[in-house]
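Below is model31.csv, which holds CSV, C-alpha atoms.
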chain,number,residue,atom,x,y,z
A,105,MET,CA,-33.5,50.0,12.7
A,106,ASN,CA,-34.4,47.0,14.8
A,107,THR,CA,-37.7,46.5,13.0
A,108,LEU,CA,-35.9,46.8,9.8
A,109,ALA,CA,-33.5,44.1,10.9
A,110,LEU,CA,-36.4,41.8,11.7
A,111,SER,CA,-38.1,42.4,8.4
A,112,ALA,CA,-38.3,39.6,5.8
A,113,GLY,CA,-35.2,38.9,3.8
A,114,LEU,CA,-32.7,40.8,6.0
A,115,THR,CA,-30.6,38.6,8.2
A,116,GLY,CA,-31.0,39.1,11.9
A,117,ALA,CA,-28.2,39.7,14.4
A,118,PRO,CA,-27.8,36.1,15.4
A,119,GLU,CA,-27.4,35.0,11.8
A,120,ALA,CA,-24.9,37.8,11.2
A,121,VAL,CA,-22.8,36.4,14.1
A,122,LEU,CA,-23.1,32.9,12.7
A,123,PHE,CA,-22.1,34.1,9.3
A,124,TRP,CA,-19.1,36.1,10.4
A,125,ILE,CA,-17.8,33.2,12.5
A,126,LEU,CA,-18.4,30.5,10.0
A,127,ALA,CA,-17.6,32.2,6.7
A,128,PRO,CA,-13.9,33.0,7.5
A,129,LEU,CA,-13.5,29.5,8.8
A,130,ILE,CA,-14.9,28.0,5.7
A,131,VAL,CA,-12.7,30.1,3.4
A,132,LEU,CA,-9.7,29.2,5.5
A,133,ALA,CA,-10.5,25.5,5.4
A,134,ALA,CA,-10.9,25.7,1.6
A,135,ILE,CA,-7.5,27.4,1.2
A,136,GLY,CA,-6.0,24.8,3.5
A,137,MET,CA,-7.7,22.1,1.4
A,138,ILE,CA,-5.8,23.0,-1.7
A,139,LEU,CA,-2.5,23.6,0.2
A,140,VAL,CA,-2.1,20.5,2.4
A,141,LYS,CA,0.0,17.8,1.0
A,142,LYS,CA,-1.9,14.7,2.1
A,143,ALA,CA,-5.1,13.8,0.4
A,144,VAL,CA,-6.7,12.5,3.6
A,145,HIS,CA,-6.2,16.0,5.2
A,146,SER,CA,-7.9,17.5,2.2
A,147,ALA,CA,-10.8,15.1,2.6
A,148,LEU,CA,-11.2,16.0,6.3
A,149,LEU,CA,-11.2,19.7,5.5
A,150,LEU,CA,-13.7,19.2,2.8
A,151,ALA,CA,-16.0,17.4,5.2
A,152,TYR,CA,-15.7,20.3,7.6
A,153,ILE,CA,-16.6,22.7,4.8
A,154,MET,CA,-19.6,20.6,3.9
A,155,ILE,CA,-20.9,20.5,7.4
A,156,SER,CA,-20.5,24.3,7.7
A,157,LEU,CA,-22.4,24.7,4.5
A,158,ALA,CA,-25.2,22.6,5.9
A,159,ILE,CA,-25.4,25.0,8.8
A,160,PHE,CA,-25.6,27.9,6.3
A,161,TYR,CA,-28.4,26.2,4.5
A,162,ILE,CA,-30.4,25.7,7.7
A,163,ALA,CA,-29.8,29.3,8.6
A,164,GLN,CA,-31.1,30.3,5.2
A,165,ASP,CA,-34.5,28.7,5.7
A,166,ALA,CA,-33.5,25.5,3.8
A,167,PRO,CA,-33.7,22.9,6.5
A,168,PHE,CA,-34.3,20.1,4.1
A,169,LEU,CA,-31.3,20.9,2.0
A,170,GLY,CA,-29.2,21.2,5.1
A,171,VAL,CA,-30.1,17.7,6.3
A,172,VAL,CA,-29.6,16.3,2.7
A,173,GLN,CA,-26.2,18.0,2.6
A,174,ILE,CA,-25.1,16.3,5.8
A,175,VAL,CA,-26.6,12.9,4.8
A,176,VAL,CA,-25.5,12.8,1.1
A,177,TYR,CA,-22.3,14.8,1.1
A,178,THR,CA,-20.7,14.4,4.5
A,179,GLY,CA,-22.2,10.9,4.8
A,180,ALA,CA,-22.1,9.2,1.5
A,181,VAL,CA,-19.8,11.2,-0.8
A,182,MET,CA,-17.0,11.8,1.7
A,183,MET,CA,-17.3,8.2,2.9
A,184,LEU,CA,-16.8,7.2,-0.7
A,185,PHE,CA,-13.8,9.5,-1.1
A,186,LEU,CA,-12.1,8.2,2.0
A,187,PHE,CA,-12.8,4.6,0.9
A,188,ILE,CA,-11.1,5.2,-2.5
A,189,LEU,CA,-8.3,7.1,-0.8
A,190,MET,CA,-7.6,4.0,1.4
A,191,LEU,CA,-7.8,1.8,-1.7
A,192,VAL,CA,-5.5,3.8,-3.8
A,193,GLY,CA,-3.0,4.5,-1.1
A,194,VAL,CA,-3.1,7.0,1.6
A,195,ASP,CA,0.4,8.2,1.3
A,196,SER,CA,0.4,8.9,-2.4
A,197,ALA,CA,1.9,12.4,-2.2
A,198,ASP,CA,1.6,14.9,-5.0
A,199,SER,CA,4.5,15.2,-7.3
A,200,LEU,CA,6.0,18.7,-7.3
A,201,VAL,CA,7.4,18.4,-10.8
A,202,GLU,CA,5.8,20.6,-13.3
A,203,THR,CA,5.0,18.7,-16.5
A,204,ILE,CA,3.9,21.8,-18.3
A,205,ARG,CA,6.3,24.7,-17.8
A,206,GLY,CA,4.9,27.7,-16.0
A,207,GLN,CA,1.5,25.9,-15.5
A,208,ARG,CA,1.3,26.8,-11.8
A,209,VAL,CA,1.8,30.5,-12.4
A,210,VAL,CA,-0.7,30.6,-15.2
A,211,ALA,CA,-3.2,28.6,-13.1
A,212,LEU,CA,-2.7,31.0,-10.2
A,213,LEU,CA,-3.3,34.0,-12.5
A,214,ALA,CA,-6.3,32.4,-14.1
A,215,GLY,CA,-7.9,31.4,-10.8
A,216,LEU,CA,-7.3,34.8,-9.2
A,217,SER,CA,-8.7,36.6,-12.2
A,218,LEU,CA,-11.8,34.3,-12.1
A,219,GLY,CA,-12.3,35.2,-8.5
A,220,ALA,CA,-11.8,38.9,-9.1
A,221,LEU,CA,-14.3,38.7,-12.0
A,222,LEU,CA,-16.9,36.9,-9.9
A,223,ILE,CA,-16.5,39.2,-6.9
A,224,GLY,CA,-16.5,42.3,-9.1
A,225,ALA,CA,-19.6,41.3,-10.9
A,226,LEU,CA,-21.4,40.5,-7.6
A,227,GLY,CA,-20.3,43.8,-6.0
A,228,ARG,CA,-21.4,45.8,-9.1
A,229,SER,CA,-24.8,44.2,-9.2
A,230,LEU,CA,-25.3,44.8,-5.5
A,231,LEU,CA,-24.0,48.3,-5.6
A,232,GLY,CA,-27.2,50.2,-5.3
A,233,ALA,CA,-29.2,47.5,-3.6
A,234,GLY,CA,-29.3,49.0,-0.1
A,235,ILE,CA,-28.9,47.2,3.2
A,236,ALA,CA,-31.6,44.6,2.6
A,237,GLY,CA,-30.4,44.0,-1.0
A,238,GLY,CA,-34.0,43.8,-2.2
A,239,ALA,CA,-34.2,40.3,-0.6
A,240,VAL,CA,-37.7,39.0,-0.2
A,241,GLY,CA,-37.1,36.1,2.2
A,242,LEU,CA,-38.7,32.7,2.4
A,243,ASP,CA,-41.2,33.4,5.1
A,244,GLN,CA,-44.1,33.3,2.7
A,245,ALA,CA,-42.8,30.5,0.5
A,246,ASN,CA,-42.1,28.3,3.6
A,247,SER,CA,-45.4,29.1,5.2
A,248,GLY,CA,-46.7,25.6,4.5
A,249,GLY,CA,-43.5,24.0,5.6
A,250,ASN,CA,-40.2,23.8,3.7
A,251,VAL,CA,-40.4,20.1,2.9
A,252,GLN,CA,-44.0,20.4,1.7
A,253,GLY,CA,-43.1,23.4,-0.5
A,254,LEU,CA,-40.2,21.6,-2.0
A,255,ALA,CA,-42.3,18.5,-2.6
A,256,THR,CA,-45.0,20.5,-4.3
A,257,LEU,CA,-42.5,22.0,-6.7
A,258,LEU,CA,-40.6,18.8,-7.3
A,259,PHE,CA,-43.7,16.8,-8.2
A,260,SER,CA,-45.4,19.5,-10.3
A,261,ARG,CA,-43.2,21.9,-12.2
A,262,TYR,CA,-40.0,19.8,-12.0
A,263,VAL,CA,-41.5,16.3,-12.2
A,264,TRP,CA,-39.9,15.7,-15.6
A,265,ALA,CA,-36.5,16.7,-14.4
A,266,PHE,CA,-37.0,14.5,-11.4
A,267,GLU,CA,-37.7,11.5,-13.7
A,268,VAL,CA,-34.7,12.3,-15.8
A,269,VAL,CA,-32.5,12.5,-12.7
A,270,SER,CA,-33.7,9.1,-11.6
A,271,ALA,CA,-32.6,7.7,-15.0
A,272,LEU,CA,-29.3,9.4,-14.5
A,273,LEU,CA,-28.8,7.8,-11.1
A,274,ILE,CA,-29.5,4.3,-12.5
A,275,THR,CA,-27.1,4.9,-15.4
A,276,ALA,CA,-24.4,6.1,-13.0
A,277,ALA,CA,-24.9,3.0,-10.8
A,278,LEU,CA,-24.6,0.8,-13.9
A,279,GLY,CA,-21.6,2.7,-15.2
A,280,ALA,CA,-19.8,2.3,-11.9
A,281,MET,CA,-20.5,-1.4,-11.9
A,282,VAL,CA,-19.2,-1.8,-15.5
A,283,LEU,CA,-16.1,0.3,-14.7
A,284,GLY,CA,-15.4,-1.6,-11.4
A,285,HIS,CA,-15.9,-5.0,-13.0
A,286,ARG,CA,-12.8,-7.0,-13.9
A,287,GLU,CA,-12.7,-9.8,-16.3
A,288,ARG,CA,-10.5,-12.8,-15.3
A,289,PRO,CA,-8.0,-13.4,-18.1
A,290,VAL,CA,-8.1,-17.1,-17.2
A,291,PRO,CA,-10.9,-18.9,-15.5
A,292,ARG,CA,-10.5,-19.6,-11.8
A,293,ARG,CA,-9.0,-23.0,-11.1
A,294,THR,CA,-11.3,-25.3,-9.2
A,295,GLN,CA,-10.2,-27.3,-6.2
A,296,ARG,CA,-10.3,-30.5,-8.3
A,297,GLN,CA,-8.0,-29.0,-10.9
A,298,LEU,CA,-5.6,-27.8,-8.3
A,299,SER,CA,-5.5,-31.3,-6.7
A,300,GLU,CA,-5.0,-32.9,-10.1
A,301,ASP,CA,-2.1,-30.5,-10.9
A,302,ARG,CA,-0.4,-31.5,-7.7
A,303,PHE,CA,-0.5,-35.2,-8.6
A,304,ARG,CA,0.7,-34.5,-12.1
A,305,GLU,CA,3.7,-32.3,-11.3
A,306,GLY,CA,5.2,-35.0,-9.1
A,307,SER,CA,5.9,-33.3,-5.8
A,308,GLU,CA,7.6,-35.2,-3.0
A,309,LEU,CA,4.5,-36.7,-1.6
A,310,PRO,CA,1.8,-36.6,-4.3
A,311,GLY,CA,-1.6,-35.9,-2.9
A,312,ALA,CA,-0.5,-35.5,0.7
A,313,PRO,CA,-0.3,-32.0,2.3
A,314,LEU,CA,3.1,-30.2,2.1
A,315,PRO,CA,5.4,-31.2,4.9
A,316,SER,CA,5.0,-29.1,8.0
A,317,PRO,CA,7.8,-26.9,9.2
A,318,GLY,CA,10.3,-28.3,11.7
A,319,VAL,CA,9.1,-28.3,15.3
A,320,PHE,CA,12.0,-27.4,17.5
A,321,SER,CA,10.9,-25.9,20.8
A,322,ARG,CA,13.7,-23.4,20.9
A,323,HIS,CA,12.2,-21.3,18.1
A,324,ASN,CA,9.0,-20.1,16.6
A,325,ALA,CA,8.8,-23.3,14.6
A,326,VAL,CA,7.4,-22.1,11.3
A,327,ASP,CA,10.6,-20.4,10.3
A,328,ILE,CA,12.7,-23.6,10.4
A,329,PRO,CA,12.4,-26.1,7.6
A,330,ALA,CA,11.6,-29.7,8.5
A,331,LEU,CA,14.3,-32.2,8.2
A,332,LEU,CA,13.9,-35.0,5.7
A,333,PRO,CA,14.8,-38.6,6.8
A,334,ASP,CA,18.3,-38.2,5.3
A,335,GLY,CA,18.9,-35.1,7.5
A,336,SER,CA,18.6,-32.5,4.8
A,337,PRO,CA,16.1,-29.6,5.1
A,338,ALA,CA,12.8,-29.9,3.2
A,339,PRO,CA,12.4,-26.7,1.2
A,340,THR,CA,8.7,-27.0,0.7
A,341,SER,CA,8.0,-27.1,4.4
A,342,VAL,CA,8.4,-23.4,5.0
A,343,SER,CA,5.6,-21.0,3.8
A,344,ARG,CA,6.7,-19.0,0.8
A,345,VAL,CA,5.6,-15.8,2.6
A,346,ILE,CA,8.2,-16.4,5.3
A,347,LYS,CA,10.8,-17.3,2.6
A,348,ALA,CA,10.0,-14.1,0.7
A,349,ARG,CA,10.5,-12.1,3.9
A,350,GLY,CA,13.9,-13.7,4.4
A,351,ASP,CA,13.0,-14.9,7.8
A,352,VAL,CA,14.0,-18.6,7.3
A,353,LEU,CA,16.5,-19.7,9.9
A,354,PRO,CA,19.5,-21.8,8.8
A,355,THR,CA,18.9,-25.5,9.5
A,356,ALA,CA,22.6,-26.3,9.9
A,357,PRO,CA,22.5,-26.5,13.8
A,358,PHE,CA,19.7,-28.9,13.7
A,359,GLU,CA,20.9,-31.1,10.9
A,360,LEU,CA,22.3,-34.5,11.7
A,361,ASN,CA,26.0,-34.0,11.0
A,362,LYS,CA,27.8,-36.2,8.6
A,363,GLU,CA,30.1,-37.8,11.1
A,364,SER,CA,27.3,-39.0,13.4
A,365,GLN,CA,25.5,-40.2,10.3
A,366,GLY,CA,28.5,-42.2,9.3
A,367,GLU,CA,28.9,-43.6,12.8
A,368,GLN,CA,25.3,-44.7,12.7
A,369,LYS,CA,25.8,-46.4,9.4
B,15,MET,CA,-26.2,42.0,7.1
B,16,ASN,CA,-27.2,41.5,3.5
B,17,PRO,CA,-28.0,37.9,2.5
B,18,ALA,CA,-25.8,38.6,-0.6
B,19,ASN,CA,-22.8,38.1,1.7
B,20,TYR,CA,-23.4,34.4,1.2
B,21,LEU,CA,-22.9,35.0,-2.5
B,22,PHE,CA,-19.4,36.4,-1.8
B,23,VAL,CA,-18.5,33.3,0.2
B,24,SER,CA,-19.8,31.2,-2.6
B,25,ALA,CA,-17.7,33.1,-5.2
B,26,LEU,CA,-14.6,32.7,-3.0
B,27,LEU,CA,-15.2,28.9,-2.5
B,28,PHE,CA,-15.7,28.5,-6.3
B,29,THR,CA,-12.5,30.3,-7.0
B,30,ILE,CA,-10.5,28.3,-4.5
B,31,GLY,CA,-12.0,25.1,-5.9
B,32,ALA,CA,-11.0,26.2,-9.5
B,33,LEU,CA,-7.5,27.0,-8.3
B,34,GLY,CA,-7.3,23.5,-6.7
B,35,VAL,CA,-8.4,21.8,-9.9
B,36,LEU,CA,-5.8,23.8,-11.9
B,37,THR,CA,-2.8,23.2,-9.5
B,38,ARG,CA,-3.1,19.9,-7.8
B,39,ARG,CA,-1.9,16.6,-9.4
B,40,ASN,CA,-3.5,13.9,-7.3
B,41,SER,CA,-6.7,13.0,-9.2
B,42,ILE,CA,-8.7,12.4,-6.0
B,43,VAL,CA,-7.8,15.9,-4.6
B,44,ILE,CA,-8.8,17.4,-8.0
B,45,PHE,CA,-12.1,15.5,-7.7
B,46,MET,CA,-12.6,16.9,-4.2
B,47,CYS,CA,-12.0,20.4,-5.5
B,48,VAL,CA,-14.7,19.9,-8.1
B,49,GLU,CA,-17.0,18.9,-5.3
B,50,LEU,CA,-16.1,22.1,-3.5
B,51,MET,CA,-17.1,24.1,-6.6
B,52,LEU,CA,-20.4,22.3,-6.8
B,53,ASN,CA,-21.0,23.0,-3.2
B,54,ALA,CA,-20.3,26.7,-3.8
B,55,ALA,CA,-22.8,26.7,-6.6
B,56,ASN,CA,-25.3,25.1,-4.3
B,57,LEU,CA,-24.8,27.8,-1.7
B,58,ALA,CA,-25.4,30.4,-4.4
B,59,PHE,CA,-28.6,28.7,-5.4
B,60,VAL,CA,-29.9,28.6,-1.8
B,61,THR,CA,-29.1,32.2,-1.4
B,62,PHE,CA,-30.8,33.1,-4.6
B,63,ALA,CA,-33.9,31.2,-3.5
B,64,ARG,CA,-34.0,33.3,-0.4
B,65,ILE,CA,-33.4,36.6,-2.2
B,66,GLN,CA,-36.1,35.9,-4.7
B,67,GLY,CA,-38.5,34.5,-2.2
B,68,ASN,CA,-39.4,31.3,-3.9
B,69,LEU,CA,-38.2,27.7,-3.5
B,70,ASP,CA,-37.1,27.1,-7.1
B,71,GLY,CA,-33.5,27.7,-6.2
B,72,GLN,CA,-33.6,25.1,-3.5
B,73,VAL,CA,-35.1,22.6,-5.9
B,74,ILE,CA,-32.2,23.2,-8.3
B,75,ALA,CA,-29.7,22.9,-5.5
B,76,PHE,CA,-31.3,19.5,-4.7
B,77,PHE,CA,-30.9,18.4,-8.3
B,78,THR,CA,-27.3,19.6,-8.2
B,79,MET,CA,-26.7,17.3,-5.2
B,80,VAL,CA,-28.1,14.3,-7.0
B,81,VAL,CA,-26.0,15.0,-10.1
B,82,ALA,CA,-23.0,15.5,-7.9
B,83,ALA,CA,-23.6,12.1,-6.3
B,84,CYS,CA,-23.7,10.5,-9.8
B,85,GLU,CA,-20.6,12.2,-10.8
B,86,VAL,CA,-18.7,11.1,-7.7
B,87,VAL,CA,-19.7,7.5,-8.3
B,88,VAL,CA,-18.7,7.4,-11.9
B,89,GLY,CA,-15.6,9.5,-11.4
B,90,LEU,CA,-14.2,7.4,-8.5
B,91,ALA,CA,-14.9,4.3,-10.5
B,92,ILE,CA,-12.8,5.7,-13.4
B,93,ILE,CA,-10.0,6.7,-10.9
B,94,VAL,CA,-10.0,3.2,-9.5
B,95,SER,CA,-9.9,1.5,-12.9
B,96,ILE,CA,-7.0,3.8,-14.0
B,97,TYR,CA,-5.2,3.0,-10.7
B,98,ARG,CA,-5.6,-0.7,-11.4
B,99,SER,CA,-3.9,-0.5,-14.8
B,100,ARG,CA,-1.3,2.3,-14.0
B,101,ARG,CA,-0.7,1.9,-10.3
B,102,SER,CA,-0.9,5.7,-9.9
B,103,ALA,CA,-3.5,8.3,-9.0
B,104,SER,CA,-1.6,11.2,-10.4
B,105,VAL,CA,-3.0,12.9,-13.5
B,106,ASP,CA,0.5,13.3,-14.9
B,107,ASP,CA,0.8,9.6,-15.4
B,108,VAL,CA,-2.2,9.3,-17.7
B,109,ASN,CA,-0.4,10.3,-20.9
B,110,LEU,CA,-1.0,7.4,-23.4
B,111,LEU,CA,-2.6,9.8,-25.9
B,112,LYS,CA,0.3,12.3,-25.5
B,113,PHE,CA,1.8,13.3,-28.8

Show me the file's structure as structure tokens.
Amino acid sequence: MNTLALSAGLTGAPEAVLFWILAPLIVLAAIGMILVKKAVHSALLLAYIMISLAIFYIAQDAPFLGVVQIVVYTGAVMMLFLFILMLVGVDSADSLVETIRGQRVVALLAGLSLGALLIGALGRSLLGAGIAGGAVGLDQANSGGNVQGLATLLFSRYVWAFEVVSALLITAALGAMVLGHRERPVPRRTQRQLSEDRFREGSELPGAPLPSPGVFSRHNAVDIPALLPDGSPAPTSVSRVIKARGDVLPTAPFELNKESQGEQK
Amino acid sequence: MNPANYLFVSALLFTIGALGVLTRRNSIVIFMCVELMLNAANLAFVTFARIQGNLDGQVIAFFTMVVAACEVVVGLAIIVSIYRSRRSASVDDVNLLKF
């Protein structure tokens, strides 16, 4: 029995332990991935699934693919996913309203029957296969090294596919650039044009910088408008961001009151 | 343990991915489920390579990864450009062609 277990193609005991620990966790993570509400949690679970799959690849005599899986999928692809998630909005939760009536039930039925079909077909094809399942194992194919073996195949039998894939990669990069490019509806205004506009529109002090906000040491000064020489507040002196936030303090306490103005006159 | 057990895991992952594609609404999550299905297919390819005793399956899995990378790049660019015009990542909001 022991020699049988060590024979080519049949997984040894350590691999069986690895499989029975990782496989349930992968399936659980996948189920969690489609059940959790937040897209970021889905992304993290998917990253976990991908790393576990890389371990599976390495356990199955495919060390090159295992490393590529970690570098390309968990490294690049999941990075991209998280980047887009942050761009689009992390807290964009799924709507629970069904646009097509009964879609969820039908989807569940279709999915489960697809699963049953796949598992059934697999089980049926493996029915009389015995404990080794007729597996050959990669000991002979990997005798010259896994990477060397893959390279030999890639650059001999699959060299044409390899070239086509390179064309596909370039096309995809170009496509992403075209899709991500945004035409400006109006050309960007230069600094010269902005300056000319300010002179033409006739602001209070043409050409000079906007008046700075009032500096009263009792407050964080940027939220108080400056006072003009006649004692009234200068509306342009407060940043429009602060105005939009509604954080502008009333200037009444700081204004020269009319009586004192009258006395001075 | 028979190496074909990996095939069952692969079938399960593929099914779960398909279910996710059919039920979720957020386009990014749907996209991640498609990735899960591609990964499941990759696992099947690697297992087939081992059962058959040659490396062709691994080469095909490698090609699948490259194609998946292309798909992610273009797909996410489409999602971002739709988000720019519609301010939403939900597939329900893309209904201009709806009759």

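With distances taken over all atoms listed in the file, A:Gly193 is the one residue among A:Asp327, A:Gly193, A:Val263, A:Arg302 lying closest to Ser104 (chain B).
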
TODO: Taking (-13.8, 27.8, -3.1) in the file's own coordinates, collect the residues within 9 Å, counting all atoms listed in the file, and hand them back as a ChimeraX atom specification.
DONE: /A:130-131,134-135 /B:23-34,47,50-51,53-54

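Those residues that approach Ser102 (chain B) to within 10 Å, counting only C-alpha atoms, are Val192, Gly193 and Ser196 of chain A; Asn40, Ser41, Ile93, Val94, Ile96, Tyr97, Asp107 and Val108 of chain B; same-chain residues fewer than 5 positions away are not listed.
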
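Residues from chain B found within 6 Å of chain A are B:Met15, B:Asn16, B:Thr29, B:Leu33, B:Gly34, B:Leu36, B:Thr37, B:Arg39, B:Asn40, B:Arg64, B:Ile65, B:Gln66, B:Gly67, B:Asn68, B:Cys84, B:Val88, B:Ala91, counting all atoms listed in the file.
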
Open item on the list: Within 12 Å of (-27.1, 26.5, -7.8) (file coordinates; all atoms listed in the file), which protein or nucleic acid residues are there? I'd like them as number ranges by chain.
Closed with: B: 21, 24-25, 28, 51-63, 69-79, 81-82

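Going from CA of Pro313 (chain A) over to CA of Gln295 (chain A), you cover 13.9 Å.
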
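CA of Gly248 (chain A) lies 18.5 Å from CA of Val171 (chain A).
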
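When CA of Phe259 (chain A) is paired with CA of Ser247 (chain A), their separation reads 18.3 Å.
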
Kindly complete region 89-112 of chain B to N, CA and C atoms; the output should be written as an mmCIF file, in the coordinates of the input.
data_model
loop_
_atom_site.group_PDB
_atom_site.id
_atom_site.type_symbol
_atom_site.label_atom_id
_atom_site.label_comp_id
_atom_site.auth_asym_id
_atom_site.auth_seq_id
_atom_site.Cartn_x
_atom_site.Cartn_y
_atom_site.Cartn_z
ATOM 1 N N GLY B 89 -16.941 8.992 -11.406
ATOM 2 C CA GLY B 89 -15.600 9.500 -11.400
ATOM 3 C C GLY B 89 -14.643 8.645 -10.570
ATOM 4 N N LEU B 90 -15.090 8.257 -9.377
ATOM 5 C CA LEU B 90 -14.200 7.400 -8.500
ATOM 6 C C LEU B 90 -14.032 6.055 -9.154
ATOM 7 N N ALA B 91 -15.064 5.548 -9.841
ATOM 8 C CA ALA B 91 -14.900 4.300 -10.500
ATOM 9 C C ALA B 91 -13.821 4.384 -11.604
ATOM 10 N N ILE B 92 -13.831 5.505 -12.331
ATOM 11 C CA ILE B 92 -12.800 5.700 -13.400
ATOM 12 C C ILE B 92 -11.424 5.789 -12.720
ATOM 13 N N ILE B 93 -11.329 6.544 -11.597
ATOM 14 C CA ILE B 93 -10.000 6.700 -10.900
ATOM 15 C C ILE B 93 -9.517 5.310 -10.497
ATOM 16 N N VAL B 94 -10.410 4.487 -9.944
ATOM 17 C CA VAL B 94 -10.000 3.200 -9.500
ATOM 18 C C VAL B 94 -9.537 2.301 -10.645
ATOM 19 N N SER B 95 -10.277 2.389 -11.782
ATOM 20 C CA SER B 95 -9.900 1.500 -12.900
ATOM 21 C C SER B 95 -8.574 1.986 -13.510
ATOM 22 N N ILE B 96 -8.336 3.310 -13.508
ATOM 23 C CA ILE B 96 -7.000 3.800 -14.000
ATOM 24 C C ILE B 96 -5.931 3.361 -13.005
ATOM 25 N N TYR B 97 -6.232 3.431 -11.722
ATOM 26 C CA TYR B 97 -5.200 3.000 -10.700
ATOM 27 C C TYR B 97 -4.852 1.578 -10.881
ATOM 28 N N ARG B 98 -5.841 0.751 -11.232
ATOM 29 C CA ARG B 98 -5.600 -0.700 -11.400
ATOM 30 C C ARG B 98 -4.581 -0.911 -12.535
ATOM 31 N N SER B 99 -4.739 -0.156 -13.634
ATOM 32 C CA SER B 99 -3.900 -0.500 -14.800
ATOM 33 C C SER B 99 -2.553 0.302 -14.686
ATOM 34 N N ARG B 100 -2.526 1.478 -14.035
ATOM 35 C CA ARG B 100 -1.300 2.300 -14.000
ATOM 36 C C ARG B 100 -0.627 2.390 -12.691
ATOM 37 N N ARG B 101 -1.264 1.873 -11.622
ATOM 38 C CA ARG B 101 -0.700 1.900 -10.300
ATOM 39 C C ARG B 101 -0.374 3.357 -9.848
ATOM 40 N N SER B 102 -1.197 4.310 -10.257
ATOM 41 C CA SER B 102 -0.900 5.700 -9.900
ATOM 42 C C SER B 102 -2.221 6.491 -9.900
ATOM 43 N N ALA B 103 -2.342 7.445 -8.968
ATOM 44 C CA ALA B 103 -3.500 8.300 -9.000
ATOM 45 C C ALA B 103 -3.171 9.703 -9.441
ATOM 46 N N SER B 104 -1.975 9.859 -9.991
ATOM 47 C CA SER B 104 -1.600 11.200 -10.400
ATOM 48 C C SER B 104 -2.035 11.425 -11.865
ATOM 49 N N VAL B 105 -2.525 12.640 -12.144
ATOM 50 C CA VAL B 105 -3.000 12.900 -13.500
ATOM 51 C C VAL B 105 -1.898 13.014 -14.499
ATOM 52 N N ASP B 106 -0.657 13.177 -14.010
ATOM 53 C CA ASP B 106 0.500 13.300 -14.900
ATOM 54 C C ASP B 106 0.803 11.951 -15.591
ATOM 55 N N ASP B 107 0.449 10.867 -14.915
ATOM 56 C CA ASP B 107 0.800 9.600 -15.400
ATOM 57 C C ASP B 107 -0.111 9.043 -16.502
ATOM 58 N N VAL B 108 -1.216 9.720 -16.690
ATOM 59 C CA VAL B 108 -2.200 9.300 -17.700
ATOM 60 C C VAL B 108 -1.830 10.034 -18.988
ATOM 61 N N ASN B 109 -0.852 9.503 -19.738
ATOM 62 C CA ASN B 109 -0.400 10.300 -20.900
ATOM 63 C C ASN B 109 -0.227 9.387 -22.133
ATOM 64 N N LEU B 110 -1.077 8.343 -22.241
ATOM 65 C CA LEU B 110 -1.000 7.400 -23.400
ATOM 66 C C LEU B 110 -1.266 8.163 -24.696
ATOM 67 N N LEU B 111 -2.158 9.154 -24.653
ATOM 68 C CA LEU B 111 -2.600 9.800 -25.900
ATOM 69 C C LEU B 111 -1.647 11.024 -26.167
ATOM 70 N N LYS B 112 -0.581 11.179 -25.323
ATOM 71 C CA LYS B 112 0.300 12.300 -25.500
ATOM 72 C C LYS B 112 1.048 12.222 -26.793
#
